[in-house]
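Asks: After the structure tokens below, expect a handful of questions from me.
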Amino acid sequence: MKRQLPIILVFICGITMVIQFFVPHEYSEDLFQYANDFVIVIGILALPVGIYSLMTQTVRKARREPKERLYSLATIAGFLVMIIAGSRREWFTGATSLSSNMFNYVLVPAQATLFSMLAFYIASAAYRAFRARTLLAALLLLTAFVVMLRMIPLPEPLSTWNNDVVRWILEVPNMAAKRAIIIGVGLGAVTYSIKIVLGIERSYMGGD
């Protein structure tokens, strides 16, 4: 019964939401809004579980892995500081609060560092991909070169010609590929949803 009850509940909820989508009625819209609110409530209730899991794994890593101990302690310290700064604002208020300073001067620079490192990885991957060893790689290299020329102030009539070519590349072949990817992702999501509703996919219950 522990496995059958979640499957039955998921099936009823899934079929109900599918029927709701095709019923243009006030009660149907209210049901959709109620379901969205319920999802938000579930997400809020799942937040403490995620925090508990993060802290448990971090403490365990600090105890058992000496090489990761410094990073684990930094994670725990940052978590506790942000909790205290957010819950006791009257202790840290001034021109700006401690939580705002931590966000602006710690989190934002850390994110900027990560994104800048990601830019180097992207540049390295682009360099490897743009080697014109095959016809498709040469076509990719030529297209990227034409698109990048748009950022350079070219003299007329090269500037107008380049803008027209780039606009055609973005609106025709690029849009066709983007729509194909979106359709593929949509079909995959529909297939996966059907498997969940019918009880074929049961990974959400844990285990195999």
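Residues in the structure tokens are numbered from 1 in each chain, the chains being A, B, ... in the order shown, and ligands are numbered from 1 in the order shown.
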Give me, as number ranges by chain, all polymer residues having an atom no more than 10 Å from region 35-45 of chain A, counting only C-alpha atoms and skipping those fewer than 6 positions away in the same chain.
Replies: A: 13, 17, 29
Asks: Go ahead and write the residues just picked, N, CA, C and O atoms, as a tab-separated table (two decimals), in the first residue's frame.
Replies:
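Just written: result_21.tsv:
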chain	number	residue	atom	x	y	z
A	13	CYS	N	-4.12	13.14	-9.68
A	13	CYS	CA	-3.72	14.54	-9.83
A	13	CYS	C	-3.32	14.85	-11.27
A	13	CYS	O	-3.68	15.91	-11.82
A	17	MET	N	-5.32	17.52	-13.74
A	17	MET	CA	-4.71	18.71	-14.33
A	17	MET	C	-4.76	18.68	-15.85
A	17	MET	O	-4.86	19.73	-16.49
A	29	GLU	N	-10.21	27.28	-13.62
A	29	GLU	CA	-9.13	28.24	-13.35
A	29	GLU	C	-8.83	28.34	-11.86
A	29	GLU	O	-7.67	28.47	-11.46
Asks: In chain A, what's helix (DSSP H, G or I) per DSSP? Answer as a PyMOL selection string?
Replies: chain A and resi 4-21+26-64+66-87+89-91+98-129+135-151+158-171+173-197+203-205
Asks: Kindly give the distance, in Å, that separates CA of Leu142 (chain A) and CA of Tyr127 (chain A), rounded to a single decimal.
Replies: 13.2 Å
Asks: Skipping near chain neighbours, those fewer than 5 positions away, what residues fall within 9 Å of region 189-201 of chain A using only C-alpha atoms, listed as an MDAnalysis selection string?
Replies: chainID A and resid 7:8 10:15 184
Asks: Using Å and a single decimal, report how far CA of Ser72 (chain A) sits from CA of Val59 (chain A).
Replies: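 It comes out at 6.9 Å.
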Asks: For a test of reading the model, state the distance in Å between CA of Leu141 (chain A) and CA of Arg128 (chain A), rounded to one decimal.
Replies: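 Atom-to-atom, CA of Leu141 (chain A) to CA of Arg128 (chain A), that is 10.7 Å.
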Asks: Just the residues within 9 Å of region 160-165 of chain A, please, counting only C-alpha atoms, with nothing from its chain fewer than 4 positions along; format it as a PyMOL selection string.
Replies: chain A and resi 146-147+149-150+154-156+169-170
Asks: With C-alpha atoms kept, could you save the residues just selected as an mmCIF file, in the first residue's frame?
Replies:
data_model
loop_
_atom_site.group_PDB
_atom_site.id
_atom_site.type_symbol
_atom_site.label_atom_id
_atom_site.label_comp_id
_atom_site.auth_asym_id
_atom_site.auth_seq_id
_atom_site.Cartn_x
_atom_site.Cartn_y
_atom_site.Cartn_z
ATOM 1 C CA VAL A 146 30.017 36.363 -39.793
ATOM 2 C CA VAL A 147 27.982 36.825 -36.594
ATOM 3 C CA LEU A 149 31.602 40.736 -37.466
ATOM 4 C CA ARG A 150 28.329 42.355 -36.435
ATOM 5 C CA LEU A 154 32.394 48.037 -40.584
ATOM 6 C CA PRO A 155 32.283 50.612 -43.361
ATOM 7 C CA GLU A 156 29.306 50.844 -45.666
ATOM 8 C CA ILE A 169 21.038 33.515 -39.881
ATOM 9 C CA LEU A 170 19.272 34.275 -36.600
#
